[in-house]
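Asks: So I've got this file, run.cif, and it contains mmCIF, C-alpha atoms and all ligand atoms:
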```
data_coords
#
loop_
_atom_site.group_PDB
_atom_site.id
_atom_site.type_symbol
_atom_site.label_atom_id
_atom_site.label_comp_id
_atom_site.auth_asym_id
_atom_site.auth_seq_id
_atom_site.Cartn_x
_atom_site.Cartn_y
_atom_site.Cartn_z
ATOM 1 C CA MET O 1070 69.847 105.065 90.929
ATOM 2 C CA HIS O 1071 73.011 104.479 92.928
ATOM 3 C CA GLU O 1072 72.821 104.216 96.701
ATOM 4 C CA PRO O 1073 74.532 107.136 98.426
ATOM 5 C CA ARG O 1074 78.079 106.158 99.392
ATOM 6 C CA PRO O 1075 78.766 105.891 103.116
ATOM 7 C CA HIS O 1076 82.298 107.271 102.839
ATOM 8 C CA PRO O 1077 84.398 109.411 100.484
ATOM 9 C CA THR O 1078 85.841 107.962 97.302
ATOM 10 C CA GLY O 1079 89.300 106.496 97.572
ATOM 11 C CA TRP O 1080 91.917 106.083 94.868
ATOM 12 C CA ILE O 1081 95.256 104.474 94.061
ATOM 13 C CA GLU O 1082 98.484 106.367 93.320
ATOM 14 C CA VAL O 1083 101.537 104.450 92.092
ATOM 15 C CA VAL O 1084 105.135 105.679 91.995
ATOM 16 C CA VAL O 1085 107.426 103.485 89.880
ATOM 17 C CA GLY O 1086 110.939 103.628 88.490
ATOM 18 C CA PRO O 1087 114.363 102.038 88.944
ATOM 19 C CA MET O 1088 116.402 102.003 92.128
ATOM 20 C CA TYR O 1089 117.744 105.415 93.192
ATOM 21 C CA SER O 1090 115.070 107.275 91.217
ATOM 22 C CA GLY O 1091 113.486 108.841 94.315
ATOM 23 C CA LYS O 1092 110.418 106.604 94.754
ATOM 24 C CA THR O 1093 110.811 106.389 98.525
ATOM 25 C CA GLU O 1094 111.556 110.128 98.778
ATOM 26 C CA GLU O 1095 108.397 110.877 96.808
ATOM 27 C CA LEU O 1096 106.322 108.457 98.888
ATOM 28 C CA ILE O 1097 107.626 110.022 102.122
ATOM 29 C CA ARG O 1098 106.912 113.526 100.767
ATOM 30 C CA ARG O 1099 103.286 112.665 100.020
ATOM 31 C CA LEU O 1100 102.796 110.909 103.367
ATOM 32 C CA ARG O 1101 104.339 113.816 105.329
ATOM 33 C CA ARG O 1102 101.982 116.265 103.677
ATOM 34 C CA ALA O 1103 99.012 114.056 104.568
ATOM 35 C CA GLN O 1104 100.227 114.001 108.191
ATOM 36 C CA ILE O 1105 100.598 117.784 108.200
ATOM 37 C CA ALA O 1106 96.980 117.944 107.029
ATOM 38 C CA ARG O 1107 96.141 115.828 110.135
ATOM 39 C CA GLN O 1108 94.992 112.853 108.127
ATOM 40 C CA ARG O 1109 95.326 109.414 109.660
ATOM 41 C CA VAL O 1110 98.205 107.661 107.879
ATOM 42 C CA GLU O 1111 99.409 104.043 108.062
ATOM 43 C CA ILE O 1112 102.649 103.044 106.348
ATOM 44 C CA PHE O 1113 103.843 99.553 105.378
ATOM 45 C CA LYS O 1114 106.845 97.883 103.820
ATOM 46 C CA PRO O 1115 107.708 94.226 103.156
ATOM 47 C CA ALA O 1116 109.529 92.320 105.881
ATOM 48 C CA ILE O 1117 112.051 91.195 103.246
ATOM 49 C CA ASP O 1118 113.554 94.680 103.177
ATOM 50 C CA VAL O 1119 114.981 95.519 106.587
ATOM 51 C CA ARG O 1120 118.262 96.892 105.278
ATOM 52 C CA TYR O 1121 117.858 100.250 106.975
ATOM 53 C CA GLY O 1122 115.873 99.257 110.044
ATOM 54 C CA ALA O 1123 112.587 97.479 110.526
ATOM 55 C CA ASP O 1124 110.533 100.386 111.770
ATOM 56 C CA HIS O 1125 111.020 103.140 109.172
ATOM 57 C CA LEU O 1126 110.945 103.754 105.455
ATOM 58 C CA VAL O 1127 114.397 105.152 104.710
ATOM 59 C CA SER O 1128 115.336 106.653 101.350
ATOM 60 C CA HIS O 1129 118.814 106.559 99.856
ATOM 61 C CA SER O 1130 119.004 110.251 100.709
ATOM 62 C CA GLU O 1131 118.262 109.427 104.382
ATOM 63 C CA SER O 1132 114.787 110.853 104.676
ATOM 64 C CA ARG O 1133 112.711 108.585 106.899
ATOM 65 C CA ILE O 1134 109.229 107.996 108.265
ATOM 66 C CA PRO O 1135 107.945 105.353 110.742
ATOM 67 C CA SER O 1136 106.425 102.242 109.131
ATOM 68 C CA GLN O 1137 105.227 98.716 109.908
ATOM 69 C CA LEU O 1138 106.520 95.458 108.443
ATOM 70 C CA VAL O 1139 104.193 93.060 106.620
ATOM 71 C CA ALA O 1140 104.942 89.702 104.994
ATOM 72 C CA THR O 1141 102.426 90.018 102.153
ATOM 73 C CA ALA O 1142 99.839 92.518 100.927
ATOM 74 C CA ASN O 1143 96.995 90.663 102.666
ATOM 75 C CA ASP O 1144 98.516 91.508 106.060
ATOM 76 C CA ILE O 1145 97.772 95.186 105.389
ATOM 77 C CA LEU O 1146 93.970 94.838 105.470
ATOM 78 C CA PRO O 1147 93.577 94.113 109.207
ATOM 79 C CA LEU O 1148 96.160 96.808 110.042
ATOM 80 C CA ALA O 1149 94.648 99.557 107.904
ATOM 81 C CA GLY O 1150 91.979 100.383 110.493
ATOM 82 C CA GLU O 1151 90.569 103.887 110.245
ATOM 83 C CA ALA O 1152 93.492 105.242 108.225
ATOM 84 C CA GLN O 1153 92.570 107.735 105.517
ATOM 85 C CA VAL O 1154 95.898 107.360 103.744
ATOM 86 C CA ILE O 1155 97.846 104.118 103.241
ATOM 87 C CA GLY O 1156 101.504 104.261 102.167
ATOM 88 C CA ILE O 1157 103.225 101.143 100.835
ATOM 89 C CA ASP O 1158 106.885 100.920 99.768
ATOM 90 C CA GLU O 1159 108.630 98.177 97.738
ATOM 91 C CA GLY O 1160 105.301 96.954 96.358
ATOM 92 C CA GLN O 1161 107.055 94.469 94.063
ATOM 93 C CA PHE O 1162 107.890 92.342 97.119
ATOM 94 C CA LEU O 1163 104.353 92.108 98.537
ATOM 95 C CA GLY O 1164 103.017 89.328 96.341
ATOM 96 C CA PRO O 1165 100.314 88.856 93.701
ATOM 97 C CA ASP O 1166 97.445 90.037 95.915
ATOM 98 C CA LEU O 1167 98.726 93.615 96.141
ATOM 99 C CA PRO O 1168 96.428 94.989 93.381
ATOM 100 C CA LYS O 1169 93.389 93.335 94.981
ATOM 101 C CA VAL O 1170 94.330 94.690 98.425
ATOM 102 C CA ALA O 1171 94.967 98.212 97.092
ATOM 103 C CA ASP O 1172 91.641 98.067 95.260
ATOM 104 C CA ARG O 1173 89.824 97.006 98.422
ATOM 105 C CA LEU O 1174 91.412 99.818 100.460
ATOM 106 C CA ALA O 1175 90.465 102.367 97.789
ATOM 107 C CA GLU O 1176 86.911 100.971 97.717
ATOM 108 C CA ASP O 1177 86.854 101.613 101.472
ATOM 109 C CA GLY O 1178 87.478 105.304 100.739
ATOM 110 C CA LYS O 1179 91.212 105.385 101.409
ATOM 111 C CA ARG O 1180 93.944 107.114 99.435
ATOM 112 C CA VAL O 1181 96.431 104.332 98.667
ATOM 113 C CA ILE O 1182 99.969 105.299 97.616
ATOM 114 C CA VAL O 1183 102.269 102.487 96.472
ATOM 115 C CA ALA O 1184 105.925 102.834 95.454
ATOM 116 C CA GLY O 1185 107.880 100.050 93.787
ATOM 117 C CA LEU O 1186 110.120 98.838 90.998
ATOM 118 C CA ASP O 1187 108.350 98.563 87.656
ATOM 119 C CA GLN O 1188 111.175 96.477 86.147
ATOM 120 C CA ASP O 1189 113.454 93.788 87.501
ATOM 121 C CA TYR O 1190 117.221 93.788 86.985
ATOM 122 C CA ARG O 1191 116.691 92.336 83.491
ATOM 123 C CA GLY O 1192 114.378 95.154 82.474
ATOM 124 C CA GLN O 1193 111.315 92.884 82.603
ATOM 125 C CA PRO O 1194 108.011 94.047 84.161
ATOM 126 C CA PHE O 1195 108.097 93.260 87.877
ATOM 127 C CA GLU O 1196 104.808 91.730 89.010
ATOM 128 C CA PRO O 1197 102.503 92.742 90.533
ATOM 129 C CA MET O 1198 103.400 96.372 89.710
ATOM 130 C CA PRO O 1199 102.134 96.218 86.075
ATOM 131 C CA GLN O 1200 98.726 94.994 87.289
ATOM 132 C CA LEU O 1201 98.681 97.734 89.916
ATOM 133 C CA LEU O 1202 99.556 100.394 87.327
ATOM 134 C CA ALA O 1203 96.610 99.227 85.241
ATOM 135 C CA ILE O 1204 94.080 99.890 88.010
ATOM 136 C CA ALA O 1205 95.656 103.046 89.494
ATOM 137 C CA GLU O 1206 94.083 106.489 89.103
ATOM 138 C CA TYR O 1207 97.441 108.310 89.248
ATOM 139 C CA ILE O 1208 100.838 107.121 88.000
ATOM 140 C CA THR O 1209 104.228 108.759 88.497
ATOM 141 C CA LYS O 1210 107.357 107.396 86.838
ATOM 142 C CA THR O 1211 110.569 108.574 88.438
ATOM 143 C CA LEU O 1212 113.948 108.347 86.712
ATOM 144 C CA ALA O 1213 117.420 108.233 88.230
ATOM 145 C CA ILE O 1214 120.701 109.415 86.699
ATOM 146 C CA CYS O 1215 122.619 106.815 84.685
ATOM 147 C CA VAL O 1216 125.905 106.259 86.528
ATOM 148 C CA VAL O 1217 127.676 105.462 83.233
ATOM 149 C CA CYS O 1218 126.616 108.307 80.934
ATOM 150 C CA GLY O 1219 124.512 110.732 82.973
ATOM 151 C CA ALA O 1220 121.336 110.287 80.925
ATOM 152 C CA PRO O 1221 117.953 109.773 82.621
ATOM 153 C CA ALA O 1222 117.949 106.191 83.942
ATOM 154 C CA SER O 1223 114.918 103.900 83.819
ATOM 155 C CA ARG O 1224 116.660 100.620 84.614
ATOM 156 C CA THR O 1225 118.294 98.908 87.558
ATOM 157 C CA GLN O 1226 121.650 97.314 86.790
ATOM 158 C CA ARG O 1227 122.768 94.328 88.871
ATOM 159 C CA THR O 1228 126.513 94.704 89.131
ATOM 160 C CA ARG O 1229 127.403 91.194 90.310
ATOM 161 C CA PRO O 1230 126.173 87.839 88.944
ATOM 162 C CA GLU O 1231 123.652 86.710 91.565
ATOM 163 C CA HIS O 1232 120.892 84.211 90.909
ATOM 164 C CA GLY O 1233 117.199 84.925 91.279
ATOM 165 C CA ARG O 1234 114.979 87.883 90.734
ATOM 166 C CA VAL O 1235 114.794 88.862 94.383
ATOM 167 C CA VAL O 1236 118.207 89.586 95.847
ATOM 168 C CA VAL O 1237 117.835 92.439 98.288
ATOM 169 C CA GLY O 1238 120.788 94.622 97.568
ATOM 170 C CA GLY O 1239 123.459 95.727 99.926
ATOM 171 C CA ALA O 1240 125.670 98.612 98.892
ATOM 172 C CA GLY O 1241 127.092 98.162 95.414
ATOM 173 C CA LEU O 1242 124.858 95.362 94.120
ATOM 174 C CA TYR O 1243 122.648 97.654 92.050
ATOM 175 C CA GLU O 1244 123.046 100.909 90.192
ATOM 176 C CA ALA O 1245 120.849 103.098 88.013
ATOM 177 C CA ARG O 1246 121.405 102.930 84.251
ATOM 178 C CA CYS O 1247 119.756 104.208 81.111
ATOM 179 C CA ARG O 1248 118.406 101.879 78.435
ATOM 180 C CA ARG O 1249 121.613 102.113 76.411
ATOM 181 C CA CYS O 1250 124.039 101.408 79.249
ATOM 182 C CA HIS O 1251 121.950 98.665 80.917
ATOM 183 C CA THR O 1252 123.120 95.080 80.372
ATOM 184 C CA ILE O 1253 121.677 91.763 81.497
ATOM 185 C CA PRO O 1254 124.284 89.908 83.561
ATOM 186 C CA ASP O 1255 125.544 86.562 82.234
ATOM 187 C CA GLU O 1256 123.974 84.006 84.580
ATOM 188 C CA THR O 1257 125.220 80.873 82.854
ATOM 189 C CA PRO O 1258 125.991 78.442 85.692
ATOM 190 C CA ALA O 1259 129.722 77.683 85.816
ATOM 191 C CA GLY O 1260 130.571 74.446 83.994
ATOM 192 C CA SER O 1261 127.156 74.042 82.394
ATOM 193 C CA GLY O 1262 128.571 74.152 78.889
ATOM 194 C CA ALA O 1263 126.978 75.822 75.921
ATOM 195 C CA GLY O 1264 123.385 75.195 77.025
ATOM 196 C CA GLY O 1265 123.459 77.650 79.888
ATOM 197 C CA SER O 1266 120.417 79.365 81.300
ATOM 198 C CA THR O 1267 117.619 80.478 79.081
ATOM 199 C CA PRO O 1268 116.331 84.039 79.446
ATOM 200 C CA GLY O 1269 113.706 84.278 82.138
ATOM 201 C CA GLN O 1270 114.690 80.991 83.748
ATOM 202 C CA ASN O 1271 115.010 82.595 87.147
ATOM 203 C CA ALA O 1272 112.189 84.995 86.640
ATOM 204 C CA THR O 1273 110.086 83.915 89.588
ATOM 205 C CA GLU O 1274 112.748 82.530 91.854
ATOM 206 C CA THR O 1275 113.362 84.110 95.196
ATOM 207 C CA ALA O 1276 116.764 84.037 96.788
HETATM 208 P P1 LIG L 1 114.329 104.751 95.335
HETATM 209 O O1 LIG L 1 113.262 104.585 96.387
HETATM 210 O O2 LIG L 1 113.753 105.001 93.963
HETATM 211 O O3 LIG L 1 115.356 103.654 95.346
HETATM 212 P P2 LIG L 1 115.288 106.844 97.044
HETATM 213 O O4 LIG L 1 114.121 107.777 97.263
HETATM 214 O O5 LIG L 1 115.575 105.866 98.156
HETATM 215 O O6 LIG L 1 115.117 106.113 95.648
HETATM 216 O O7 LIG L 1 116.644 107.675 96.843
HETATM 217 C C1 LIG L 1 116.761 108.709 95.894
HETATM 218 C C2 LIG L 1 118.094 109.410 96.175
HETATM 219 O O8 LIG L 1 119.167 108.549 95.819
HETATM 220 C C3 LIG L 1 118.373 110.649 95.359
HETATM 221 O O9 LIG L 1 117.749 111.801 95.880
HETATM 222 C C4 LIG L 1 119.883 110.763 95.470
HETATM 223 O O10 LIG L 1 120.235 111.409 96.669
HETATM 224 C C5 LIG L 1 120.332 109.323 95.621
HETATM 225 N N1 LIG L 1 121.012 108.752 94.446
HETATM 226 C C6 LIG L 1 122.041 107.872 94.505
HETATM 227 N N2 LIG L 1 122.428 107.489 93.271
HETATM 228 C C7 LIG L 1 121.615 108.110 92.381
HETATM 229 C C8 LIG L 1 121.490 108.102 90.949
HETATM 230 N N3 LIG L 1 122.281 107.361 90.166
HETATM 231 N N4 LIG L 1 120.525 108.869 90.388
HETATM 232 C C9 LIG L 1 119.729 109.617 91.174
HETATM 233 N N5 LIG L 1 119.787 109.668 92.510
HETATM 234 C C10 LIG L 1 120.719 108.922 93.132
HETATM 235 ZN ZN ZN L 2 123.640 105.578 80.266
#
```
Using the file provided, produce a representation of the structure as structure tokens.
Ligand code: ADP
Ligand code: ZN
Replies:
Amino acid sequence: MHEPRPHPTGWIEVVVGPMYSGKTEELIRRLRRAQIARQRVEIFKPAIDVRYGADHLVSHSESRIPSQLVATANDILPLAGEAQVIGIDEGQFLGPDLPKVADRLAEDGKRVIVAGLDQDYRGQPFEPMPQLLAIAEYITKTLAICVVCGAPASRTQRTRPEHGRVVVGGAGLYEARCRRCHTIPDETPAGSGAGGSTPGQNATETA
């Protein structure tokens, strides 16, 4: 026999896709509805991403909701308090403990909603989102519009040769592209000769 549970069952929802696909819009929509239902909501985003202000999630379409900054996923646990719903944006920047933290919050009976990039600018899985997808109860994949051909876009194109997987983009550094129009930028260091960089060389670098 199982012991009766002291609190309701929690779960994990993940929203993934490329940049401009509406992940933040969708996260804000779900969090707003929870607030309308008078649920206690806490919202977090990584301190690395303060492009549009430190104290709000802001979507590319300018919808916004107040949020707190955290350095890594572990910082969320002491701040979660009595929240019934936890919203987390840009999960790919919160470090390898994000799945464990989300799992712990769900075990505590909370609804955990995480948005983030599922692929990096090379089209490679962007940890720890794949691990989070594996343990989530609900998964939503959002697509953008390919800026080249208008097809549904699942990839994020880096439009200038920058080094490192994490380069937080100002305007114009990234755009949404479909599989066919997406290209991996040439990152061969200038003057390095034929050897150049091998694929994945910068895969875990931060810039
Ligand atoms: P994400 O969090 O996935 O980066 P946002 O929720 O911040 O996306 O922004 C989505 C909004 O971006 C769309 O509603 C639209 O207004 C705008 N947008 C800009 N470029 C594109 C594009 N290529 N495809 C789709 N939406 C785009
Ligand atoms: Zn295309």
Asks: Evaluate the PyMOL selection byres (((not hetatm)) within 6 of (chain L and resi 2)) on the structure here and hand back the selected residues as a list in words.
Replies: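 Listing what the PyMOL selection byres (((not hetatm)) within 6 of (chain L and resi 2)) selects in the shown file: Cys1215, Val1217, Cys1218, Gly1219, Ala1220, Arg1246, Cys1247, Arg1249 and Cys1250 of chain O.
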Asks: Report, in Å to a single decimal, how far apart atom CA of O:Val1183 and atom CA of O:Tyr1089 are.
Replies: 16.1 Å
Asks: Could you check the closest approach to ligand LIG 1 (chain L) for each of O:Arg1102, O:Arg1107, O:Lys1169, O:Arg1133 and tell me which residue wins, using only C-alpha atoms and all ligand atoms?
Replies: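 With only C-alpha atoms and all ligand atoms as the atom set, the closest residue is O:Arg1133.
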Asks: Given the PyMOL selection byres (((not hetatm)) within 7 of (chain L and resi 1)) and the file above, list the residues it selects as a count of residues only.
Replies: 20
Asks: Which is closest to O:Ser1132 among O:Ala1149, O:Ile1097, O:Val1110, O:Ile1105, if we use all atoms listed in the file?
Replies: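 Nearest to O:Ser1132: O:Ile1097.
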Asks: Using all atoms listed in the file - which residues lie no farther than 9 Å from the point (119.8, 89.3, 87.1) in the file's frame? Write them as a compact mmCIF listing (two decimals) with C-alpha atoms, in the frame of the given file.
Replies:
```txt
# COMPACT_ATOMS: atom_id res chain seq x y z
CA ASP O 1189 113.45 93.79 87.50
CA TYR O 1190 117.22 93.79 86.98
CA ARG O 1191 116.69 92.34 83.49
CA GLN O 1226 121.65 97.31 86.79
CA ARG O 1227 122.77 94.33 88.87
CA THR O 1228 126.51 94.70 89.13
CA ARG O 1229 127.40 91.19 90.31
CA PRO O 1230 126.17 87.84 88.94
CA GLU O 1231 123.65 86.71 91.56
CA HIS O 1232 120.89 84.21 90.91
CA GLY O 1233 117.20 84.92 91.28
CA ARG O 1234 114.98 87.88 90.73
CA VAL O 1235 114.79 88.86 94.38
CA VAL O 1236 118.21 89.59 95.85
CA ILE O 1253 121.68 91.76 81.50
CA PRO O 1254 124.28 89.91 83.56
CA ASP O 1255 125.54 86.56 82.23
CA GLU O 1256 123.97 84.01 84.58
CA ASN O 1271 115.01 82.60 87.15
CA ALA O 1272 112.19 85.00 86.64
```
Asks: Give me, please, the distance in Å between atom CA of O:Ser1223 and atom CA of O:Leu1174, quoted to one decimal.
Replies: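 Atom-to-atom, atom CA of O:Ser1223 to atom CA of O:Leu1174, that is 29.1 Å.
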Asks: Evaluate the PyMOL selection byres (((chain O and resi 1084) around 7) and not hetatm) and record the selected residues as number ranges by chain, following the chain and residue labels used in the document.
Replies: O: 1082-1083, 1085, 1092, 1183-1185, 1208-1210
Asks: Using all atoms listed in the file, which residues sit within 8 Å of O:Ile1145 once same-chain residues fewer than 6 positions away are excluded, as a count of residues only?
Replies: 3
